[in-house]
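What follows is the content of run.csv, which has CSV, C-alpha atoms (C1' of nucleotides):
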```
chain,number,residue,atom,x,y,z
A,25,MET,CA,94.3,-29.8,0.8
A,26,THR,CA,94.6,-26.3,2.0
A,27,THR,CA,96.0,-23.7,-0.3
A,28,GLU,CA,98.6,-21.4,1.1
A,29,THR,CA,97.2,-18.0,1.7
A,30,ARG,CA,98.4,-15.4,-0.7
A,31,TRP,CA,99.0,-12.5,1.6
A,32,LEU,CA,99.2,-9.0,0.3
A,33,ASP,CA,102.8,-7.9,-0.3
A,34,SER,CA,103.9,-4.8,1.6
A,35,GLU,CA,103.1,-2.4,-1.1
A,36,GLN,CA,99.7,-3.7,-1.6
A,37,GLN,CA,99.2,-3.7,2.2
A,38,VAL,CA,100.1,-0.1,2.3
A,39,ALA,CA,97.8,0.9,-0.6
A,40,TRP,CA,94.9,-1.1,0.9
A,41,ARG,CA,95.2,0.7,4.2
A,42,ALA,CA,95.6,4.0,2.6
A,43,TYR,CA,92.4,3.4,0.8
A,44,LEU,CA,90.6,2.4,4.0
A,45,LEU,CA,91.9,5.3,6.0
A,46,GLY,CA,91.6,7.9,3.2
A,47,THR,CA,88.0,6.8,2.5
A,48,ALA,CA,87.1,7.2,6.1
A,49,ARG,CA,88.6,10.6,6.3
A,50,LEU,CA,87.2,11.7,3.0
A,51,MET,CA,83.6,10.6,3.8
A,52,ALA,CA,83.8,12.3,7.2
A,53,LYS,CA,85.0,15.5,5.6
A,54,LEU,CA,82.3,15.5,3.0
A,55,ASP,CA,79.7,14.8,5.6
A,56,ASP,CA,80.9,17.6,7.7
A,57,ASP,CA,80.8,20.0,4.8
A,58,LEU,CA,77.2,19.0,4.0
A,59,ARG,CA,76.0,19.4,7.6
A,60,GLN,CA,75.5,23.1,7.1
A,61,PHE,CA,72.6,22.2,4.8
A,62,GLY,CA,71.2,19.6,7.2
A,63,LEU,CA,72.3,16.8,4.9
A,64,GLY,CA,74.7,13.8,5.1
A,65,ILE,CA,76.4,12.5,2.0
A,66,ASN,CA,73.9,9.7,1.9
A,67,ASP,CA,70.9,12.1,1.8
A,68,TYR,CA,72.8,14.2,-0.8
A,69,GLU,CA,73.3,11.2,-3.1
A,70,ILE,CA,69.6,10.4,-2.8
A,71,LEU,CA,68.6,13.9,-3.8
A,72,VAL,CA,71.1,13.9,-6.7
A,73,ARG,CA,69.8,10.6,-8.1
A,74,LEU,CA,66.2,11.9,-7.9
A,75,SER,CA,67.1,15.2,-9.5
A,76,GLU,CA,68.6,13.5,-12.5
A,77,ALA,CA,65.7,11.1,-13.1
A,78,PRO,CA,62.8,11.8,-15.5
A,79,GLU,CA,60.3,13.9,-13.6
A,80,ARG,CA,62.7,14.0,-10.7
A,81,ARG,CA,61.4,10.7,-9.3
A,82,LEU,CA,62.4,7.1,-9.0
A,83,ARG,CA,60.9,4.0,-7.6
A,84,MET,CA,62.1,3.1,-4.2
A,85,ALA,CA,63.7,-0.2,-5.3
A,86,GLU,CA,65.4,1.4,-8.2
A,87,LEU,CA,66.9,4.1,-6.0
A,88,ALA,CA,68.0,1.5,-3.5
A,89,ASP,CA,69.8,-0.4,-6.1
A,90,ARG,CA,71.6,2.6,-7.5
A,91,LEU,CA,72.9,3.5,-4.1
A,92,HIS,CA,73.5,-0.1,-3.1
A,93,GLN,CA,71.3,0.3,0.0
A,94,SER,CA,68.8,-2.0,1.6
A,95,ARG,CA,65.2,-1.2,0.9
A,96,SER,CA,64.7,-0.9,4.6
A,97,ARG,CA,67.4,1.7,5.0
A,98,LEU,CA,66.0,3.7,2.1
A,99,THR,CA,62.5,3.6,3.6
A,100,HIS,CA,63.8,5.1,6.8
A,101,THR,CA,65.9,7.7,5.1
A,102,VAL,CA,63.2,8.8,2.7
A,103,GLY,CA,60.9,9.0,5.6
A,104,ARG,CA,63.2,11.6,7.2
A,105,LEU,CA,63.6,13.4,3.9
A,106,GLU,CA,59.9,13.5,3.5
A,107,ALA,CA,59.4,14.9,7.0
A,108,ALA,CA,61.9,17.6,5.9
A,109,GLU,CA,59.7,18.2,2.9
A,110,LEU,CA,62.6,17.5,0.5
A,111,VAL,CA,61.0,14.5,-1.0
A,112,ARG,CA,57.5,13.4,-1.6
A,113,ARG,CA,56.1,9.9,-1.9
A,114,THR,CA,53.4,9.0,-4.3
A,115,SER,CA,52.0,5.7,-5.2
A,116,CYS,CA,52.6,4.1,-8.5
A,117,LYS,CA,49.6,3.5,-10.7
A,118,SER,CA,51.0,0.9,-13.0
A,119,ASP,CA,52.2,-1.2,-10.1
A,120,LYS,CA,50.2,-0.9,-7.0
A,121,ARG,CA,52.9,-2.2,-4.8
A,122,GLY,CA,55.2,0.5,-6.0
A,123,VAL,CA,56.1,3.9,-4.5
A,124,TRP,CA,57.7,6.9,-6.3
A,125,ALA,CA,60.1,9.0,-4.4
A,126,GLU,CA,60.0,12.4,-5.9
A,127,LEU,CA,62.1,15.5,-5.3
A,128,THR,CA,60.1,18.5,-4.1
A,129,GLU,CA,60.7,22.0,-5.2
A,130,ALA,CA,62.3,22.6,-1.8
A,131,GLY,CA,64.5,19.6,-2.2
A,132,PHE,CA,65.6,20.7,-5.6
A,133,SER,CA,66.5,24.1,-4.5
A,134,LEU,CA,68.4,22.9,-1.4
A,135,LEU,CA,70.3,20.7,-3.8
A,136,GLU,CA,71.1,23.6,-6.0
A,137,GLN,CA,72.5,25.4,-3.0
A,138,ALA,CA,74.5,22.5,-1.6
A,139,ALA,CA,75.9,21.1,-4.9
A,140,PRO,CA,78.5,23.8,-5.5
A,141,TYR,CA,79.9,23.4,-2.0
A,142,HIS,CA,79.9,19.7,-2.2
A,143,VAL,CA,81.6,19.6,-5.6
A,144,GLU,CA,84.2,22.0,-4.4
A,145,GLY,CA,84.8,19.6,-1.5
A,146,VAL,CA,85.2,16.6,-3.8
A,147,ARG,CA,87.7,18.6,-5.8
A,148,GLU,CA,89.6,20.0,-3.0
A,149,ASN,CA,89.9,16.8,-1.0
A,150,LEU,CA,90.3,14.4,-3.8
A,151,VAL,CA,90.1,15.2,-7.5
A,152,ASP,CA,92.5,18.2,-7.5
A,153,LEU,CA,95.0,16.4,-5.3
A,154,VAL,CA,96.0,13.8,-7.8
A,155,SER,CA,97.0,13.5,-11.4
A,156,PRO,CA,94.2,13.0,-14.0
A,157,GLU,CA,95.8,9.6,-14.8
A,158,ASP,CA,95.7,8.4,-11.2
A,159,PHE,CA,92.1,9.6,-10.9
A,160,ALA,CA,91.2,7.8,-14.0
A,161,ALA,CA,92.8,4.7,-12.5
A,162,LEU,CA,90.5,5.1,-9.5
A,163,GLY,CA,87.5,5.0,-11.8
A,164,ARG,CA,88.8,1.9,-13.6
A,165,VAL,CA,89.5,0.1,-10.3
A,166,PHE,CA,86.0,0.6,-8.9
A,167,ASP,CA,84.3,-0.1,-12.2
A,168,ALA,CA,86.1,-3.5,-12.0
A,169,VAL,CA,85.0,-4.0,-8.4
A,170,SER,CA,81.3,-3.1,-9.2
A,171,GLU,CA,81.4,-5.3,-12.3
A,172,HIS,CA,82.8,-8.2,-10.4
A,173,ILE,CA,80.6,-8.0,-7.4
A,174,GLY,CA,77.6,-7.5,-9.5
A,175,GLN,CA,74.3,-5.9,-8.9
A,176,ARG,CA,73.0,-6.7,-5.4
B,14,MET,CA,82.1,38.0,-6.0
B,15,THR,CA,80.9,34.5,-6.6
B,16,THR,CA,83.3,32.2,-8.4
B,17,GLU,CA,81.8,30.0,-11.0
B,18,THR,CA,81.5,26.4,-9.8
B,19,ARG,CA,84.0,24.1,-11.3
B,20,TRP,CA,81.8,21.1,-11.9
B,21,LEU,CA,83.3,17.7,-12.5
B,22,ASP,CA,83.6,16.9,-16.2
B,23,SER,CA,81.8,13.8,-17.3
B,24,GLU,CA,84.8,11.4,-17.0
B,25,GLN,CA,85.4,12.6,-13.5
B,26,GLN,CA,81.8,12.3,-12.6
B,27,VAL,CA,81.8,8.7,-13.8
B,28,ALA,CA,84.9,7.9,-11.9
B,29,TRP,CA,83.6,9.5,-8.7
B,30,ARG,CA,80.4,7.6,-8.8
B,31,ALA,CA,82.2,4.4,-9.6
B,32,TYR,CA,84.2,4.9,-6.5
B,33,LEU,CA,81.1,5.6,-4.3
B,34,LEU,CA,79.2,2.6,-5.6
B,35,GLY,CA,82.2,0.3,-5.8
B,36,THR,CA,83.2,1.1,-2.2
B,37,ALA,CA,79.7,0.5,-1.0
B,38,ARG,CA,79.6,-2.9,-2.7
B,39,LEU,CA,83.1,-3.8,-1.7
B,40,MET,CA,82.6,-3.0,2.0
B,41,ALA,CA,79.3,-4.8,2.0
B,42,LYS,CA,80.9,-7.9,0.5
B,43,LEU,CA,83.8,-7.9,2.9
B,44,ASP,CA,81.5,-7.5,5.8
B,45,ASP,CA,79.4,-10.4,4.6
B,46,ASP,CA,82.4,-12.6,4.3
B,47,LEU,CA,83.5,-11.8,7.8
B,48,ARG,CA,80.1,-12.4,9.3
B,49,GLN,CA,80.9,-16.2,9.6
B,50,PHE,CA,83.4,-15.2,12.2
B,51,GLY,CA,81.0,-13.0,14.0
B,52,LEU,CA,83.0,-9.9,13.0
B,53,GLY,CA,82.4,-6.8,10.8
B,54,ILE,CA,85.2,-5.2,8.9
B,55,ASN,CA,85.4,-2.6,11.6
B,56,ASP,CA,86.0,-5.2,14.3
B,57,TYR,CA,88.4,-6.9,12.1
B,58,GLU,CA,90.5,-3.8,11.6
B,59,ILE,CA,90.6,-3.2,15.3
B,60,LEU,CA,91.9,-6.7,15.9
B,61,VAL,CA,94.5,-6.4,13.2
B,62,ARG,CA,95.8,-3.2,14.6
B,63,LEU,CA,96.1,-4.7,18.0
B,64,SER,CA,97.8,-7.8,16.7
B,65,GLU,CA,100.5,-5.8,15.1
B,66,ALA,CA,101.2,-3.6,18.1
B,67,PRO,CA,104.0,-4.3,20.6
B,68,GLU,CA,102.5,-6.7,23.2
B,69,ARG,CA,99.4,-6.8,21.1
B,70,ARG,CA,98.0,-3.7,22.8
B,71,LEU,CA,97.3,-0.1,22.1
B,72,ARG,CA,96.0,2.9,24.0
B,73,MET,CA,92.4,3.6,23.1
B,74,ALA,CA,93.1,7.1,21.7
B,75,GLU,CA,95.9,5.8,19.6
B,76,LEU,CA,93.7,3.1,18.2
B,77,ALA,CA,90.9,5.5,17.5
B,78,ASP,CA,93.3,7.8,15.6
B,79,ARG,CA,94.6,5.0,13.5
B,80,LEU,CA,91.1,4.0,12.5
B,81,HIS,CA,89.8,7.5,12.2
B,82,GLN,CA,87.1,6.8,14.7
B,83,SER,CA,85.6,8.8,17.5
B,84,ARG,CA,86.7,7.7,20.9
B,85,SER,CA,83.1,7.1,21.8
B,86,ARG,CA,82.6,4.8,19.0
B,87,LEU,CA,85.7,2.9,19.9
B,88,THR,CA,84.6,2.7,23.5
B,89,HIS,CA,81.4,1.0,22.5
B,90,THR,CA,83.0,-1.3,20.0
B,91,VAL,CA,85.7,-2.4,22.3
B,92,GLY,CA,83.1,-2.9,25.0
B,93,ARG,CA,81.4,-5.5,22.7
B,94,LEU,CA,84.7,-7.1,21.7
B,95,GLU,CA,85.5,-7.4,25.4
B,96,ALA,CA,82.2,-9.0,26.1
B,97,ALA,CA,83.1,-11.5,23.3
B,98,GLU,CA,86.4,-12.0,25.1
B,99,LEU,CA,88.4,-11.0,22.1
B,100,VAL,CA,89.9,-8.0,23.7
B,101,ARG,CA,90.8,-7.1,27.3
B,102,ARG,CA,91.1,-3.7,28.8
B,103,THR,CA,93.8,-2.9,31.3
B,104,SER,CA,94.6,0.4,32.9
B,105,CYS,CA,97.8,2.3,32.1
B,106,LYS,CA,100.3,2.8,34.8
B,107,SER,CA,102.2,5.7,33.5
B,108,ASP,CA,99.1,7.7,32.6
B,109,LYS,CA,96.3,6.9,35.0
B,110,ARG,CA,93.7,8.3,32.6
B,111,GLY,CA,94.8,5.8,30.0
B,112,VAL,CA,93.4,2.4,29.0
B,113,TRP,CA,95.1,-0.3,27.1
B,114,ALA,CA,93.1,-2.4,24.7
B,115,GLU,CA,94.8,-5.7,24.4
B,116,LEU,CA,94.1,-8.7,22.2
B,117,THR,CA,93.3,-11.8,24.1
B,118,GLU,CA,94.5,-15.3,23.0
B,119,ALA,CA,91.0,-16.0,21.8
B,120,GLY,CA,91.1,-12.7,19.8
B,121,PHE,CA,94.4,-13.6,18.2
B,122,SER,CA,93.3,-17.0,17.3
B,123,LEU,CA,90.0,-15.8,15.8
B,124,LEU,CA,92.0,-13.4,13.8
B,125,GLU,CA,94.3,-16.1,12.6
B,126,GLN,CA,91.3,-18.0,11.3
B,127,ALA,CA,89.6,-15.0,9.7
B,128,ALA,CA,92.6,-13.3,8.1
B,129,PRO,CA,93.1,-15.8,5.2
B,130,TYR,CA,89.5,-15.5,4.2
B,131,HIS,CA,89.5,-11.8,4.5
B,132,VAL,CA,92.6,-11.4,2.5
B,133,GLU,CA,91.3,-13.7,-0.1
B,134,GLY,CA,88.2,-11.5,-0.3
B,135,VAL,CA,90.3,-8.4,-0.7
B,136,ARG,CA,92.2,-10.0,-3.5
B,137,GLU,CA,89.3,-11.5,-5.3
B,138,ASN,CA,87.1,-8.4,-5.1
B,139,LEU,CA,89.7,-5.8,-5.6
B,140,VAL,CA,93.4,-6.4,-5.8
B,141,ASP,CA,93.4,-9.2,-8.4
B,142,LEU,CA,90.9,-7.4,-10.6
B,143,VAL,CA,93.1,-4.6,-11.6
B,144,SER,CA,96.6,-4.0,-12.9
B,145,PRO,CA,99.3,-3.5,-10.4
B,146,GLU,CA,99.8,0.0,-11.8
B,147,ASP,CA,96.1,0.9,-11.2
B,148,PHE,CA,96.2,-0.5,-7.7
B,149,ALA,CA,99.3,1.5,-7.0
B,150,ALA,CA,97.5,4.6,-8.2
B,151,LEU,CA,94.8,3.8,-5.7
B,152,GLY,CA,97.4,3.9,-3.0
B,153,ARG,CA,98.8,7.3,-4.2
B,154,VAL,CA,95.3,8.8,-4.4
B,155,PHE,CA,94.4,8.0,-0.9
B,156,ASP,CA,97.7,8.8,0.5
B,157,ALA,CA,97.2,12.3,-1.0
B,158,VAL,CA,93.7,12.4,0.5
B,159,SER,CA,94.9,11.4,4.0
B,160,GLU,CA,97.8,13.8,3.8
B,161,HIS,CA,95.6,16.6,2.7
B,162,ILE,CA,92.8,16.1,5.2
B,163,GLY,CA,95.3,15.6,7.9
B,164,GLN,CA,95.2,13.7,11.2
B,165,ARG,CA,91.8,14.0,12.7
C,18,DC,C1',41.0,-19.2,-13.0
C,19,DG,C1',44.1,-19.8,-9.0
C,20,DA,C1',48.1,-21.9,-6.4
C,21,DG,C1',52.6,-20.8,-5.4
C,22,DG,C1',56.6,-18.3,-5.8
C,23,DT,C1',58.7,-13.5,-6.3
C,24,DT,C1',59.0,-8.5,-5.8
C,25,DC,C1',57.8,-4.1,-3.4
C,26,DG,C1',57.9,-1.6,0.4
C,27,DT,C1',57.1,-1.2,5.3
C,28,DT,C1',57.5,-2.2,10.2
C,29,DA,C1',59.3,-3.2,14.9
C,30,DA,C1',63.1,-4.5,17.4
C,31,DA,C1',67.9,-5.1,17.8
C,32,DA,C1',72.4,-3.4,16.9
C,33,DC,C1',75.4,0.2,16.1
C,34,DT,C1',77.0,5.1,15.8
C,35,DT,C1',76.8,9.9,17.0
C,36,DC,C1',76.2,13.6,20.1
C,37,DA,C1',76.7,16.1,24.2
C,38,DA,C1',77.9,16.1,28.7
C,39,DC,C1',80.9,14.6,32.0
C,40,DC,C1',84.9,13.3,35.4
C,41,DA,C1',89.6,12.2,36.3
C,42,DA,C1',94.2,12.9,35.4
C,43,DC,C1',97.8,15.5,33.2
C,44,DG,C1',100.7,19.6,32.4
C,45,DA,C1',101.9,24.4,31.9
C,46,DC,C1',102.6,28.3,34.3
C,47,DG,C1',102.3,32.2,37.7
D,3,DC,C1',101.8,24.7,45.2
D,4,DG,C1',97.2,25.6,42.9
D,5,DT,C1',94.6,27.2,39.0
D,6,DC,C1',93.3,26.6,34.4
D,7,DG,C1',93.1,24.6,30.0
D,8,DT,C1',93.7,20.1,27.6
D,9,DT,C1',93.6,15.2,26.9
D,10,DG,C1',91.8,10.3,27.8
D,11,DG,C1',88.0,7.8,28.2
D,12,DT,C1',83.3,6.8,29.4
D,13,DT,C1',78.2,7.4,29.6
D,14,DG,C1',73.4,7.7,28.3
D,15,DA,C1',70.3,9.3,25.1
D,16,DA,C1',69.2,10.2,20.5
D,17,DG,C1',69.7,9.1,15.8
D,18,DT,C1',70.7,5.8,12.2
D,19,DT,C1',71.2,1.2,10.1
D,20,DT,C1',70.4,-3.8,10.2
D,21,DT,C1',67.7,-7.8,10.7
D,22,DA,C1',63.8,-10.5,10.3
D,23,DA,C1',59.2,-10.8,9.5
D,24,DC,C1',55.3,-9.4,7.1
D,25,DG,C1',51.3,-8.2,3.8
D,26,DA,C1',50.0,-6.8,-0.6
D,27,DA,C1',50.4,-7.0,-5.4
D,28,DC,C1',52.4,-9.2,-9.3
D,29,DC,C1',53.6,-13.2,-12.3
D,30,DT,C1',53.9,-17.8,-14.1
D,31,DC,C1',52.0,-21.8,-15.3
D,32,DG,C1',49.0,-25.8,-15.0
```
What is this file in structure tokens?
Amino acid sequence: MTTETRWLDSEQQVAWRAYLLGTARLMAKLDDDLRQFGLGINDYEILVRLSEAPERRLRMAELADRLHQSRSRLTHTVGRLEAAELVRRTSCKSDKRGVWAELTEAGFSLLEQAAPYHVEGVRENLVDLVSPEDFAALGRVFDAVSEHIGQR
Amino acid sequence: MTTETRWLDSEQQVAWRAYLLGTARLMAKLDDDLRQFGLGINDYEILVRLSEAPERRLRMAELADRLHQSRSRLTHTVGRLEAAELVRRTSCKSDKRGVWAELTEAGFSLLEQAAPYHVEGVRENLVDLVSPEDFAALGRVFDAVSEHIGQR
DNA sequence: CGAGGTTCGTTAAAACTTCAACCAACGACG
DNA sequence: CGTCGTTGGTTGAAGTTTTAACGAACCTCG
């Protein structure tokens, strides 16, 4: 037996497309804004995660998981960030397979410069545009999504 | 004068990150689900837009705008879709610079196959997870974003 | 101990996207 | 009409991400 497809109704359709288009535009805008610092939003998120971690470092696999990226992608990206001297790799003593990605002083200070601009962009192009209730709903929605899809 | 940065408060911070992570996971999931049809979500959206257009065709520039993609990216992607015989290009008579991208019969029928699975995925991993009110809020949020950032 | 499965991270190649340059056609205007 | 600025679309190269395969280290268990 084939179950009848439950199509989206037209309101849902509209909301879904607004999300797709809005996200594309938003990410492009945030990327543009970060370009002045030589970063993309992906690089930025990596630096942020490192900056918040104890000793400003994280294991590659842990970082990849938090960003929902493949390890391979992270290896490449961190390679570039390392070439730019924003991140340093050191080997992990307790697990010899492991590698720490650690924020350098230069990385931290670039982040300090970029963060205010970036946050301002997030506000101007998203947070400040909508009611606190709607923004909170956004959080609930994607918590549910993450929860449902599960870790990796 | 330098204005003090208005950082996100911790609720906003959490919601913002939930959105980033949730979106990454959701898109990866939808991409995975479409892979059985040899499509990515980007290809899928192209086919959908064409299928809805009069005569199942759109001008390249128009299509690029609707998807918020660069013309170059679209040229490459349509090139691949054309090689897969899902789309056909024809030149535009009224504007000789123009090119129509037109869904082929094979493209339409692949879309017919893929659509139910895809919609089911969108429901299962997003729409059906949250209250209708929260989902509607999502729509409002990204309408506001799109509106604010403007077309292209 | 040590065999066999798993995890960590990297690598090379393939696939895809971005960037910059380009040409043809359009359109406004003197 | 003819020039000049703009739009539509493509191209090739450079840059980024994905895919698949791999080796080293870890872990479990007989």
Please identify every residue of chain B that has at least one atom no more than 9 Å from any atom of chain C, counting only C-alpha atoms (C1' of nucleotides), and report them as a ChimeraX atom specification.
-> /B:83,85-86,89-90,108-111
Name the residues in contact with Leu76 (chain B) at a cut-off of 9 Å, using all atoms listed in the file, excluding same-chain residues fewer than 2 positions from it; report them as number ranges by chain.
-> B: 59, 62-63, 71-74, 78-82, 84, 87, 114
Region 135-145 of chain A: which residues within 8 Å, counting all atoms listed in the file, same-chain residues fewer than 2 positions away excluded, as a count of residues only?
-> 18
Residues of chain A within 9 Å of chain B, using only C-alpha atoms, as a PyMOL selection string?
-> chain A and resi 28-32+35-36+38-50+53+90-93+140-141+143-144+146-151+153-176
Interface list for chain D, partner chain B, 12 Å threshold, all atoms listed in the file, as a VMD selection string | chain D and resid 9 to 14
Any idea what the distance is between CA of Val100 (chain B) and CA of Ile54 (chain B)?
->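 Atom-to-atom, CA of Val100 (chain B) to CA of Ile54 (chain B), that is 15.8 Å.
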Hey, can you check how far CA of Leu99 (chain B) sits from CA of Glu118 (chain B)?
->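 Taking CA of Leu99 (chain B) and CA of Glu118 (chain B), their separation equals 7.5 Å.
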Expressed in Å to a single decimal, how great is the separation between CA of Ala88 (chain A) and CA of Asp67 (chain A)?
->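 That distance, rounded to one decimal, is 12.2 Å.
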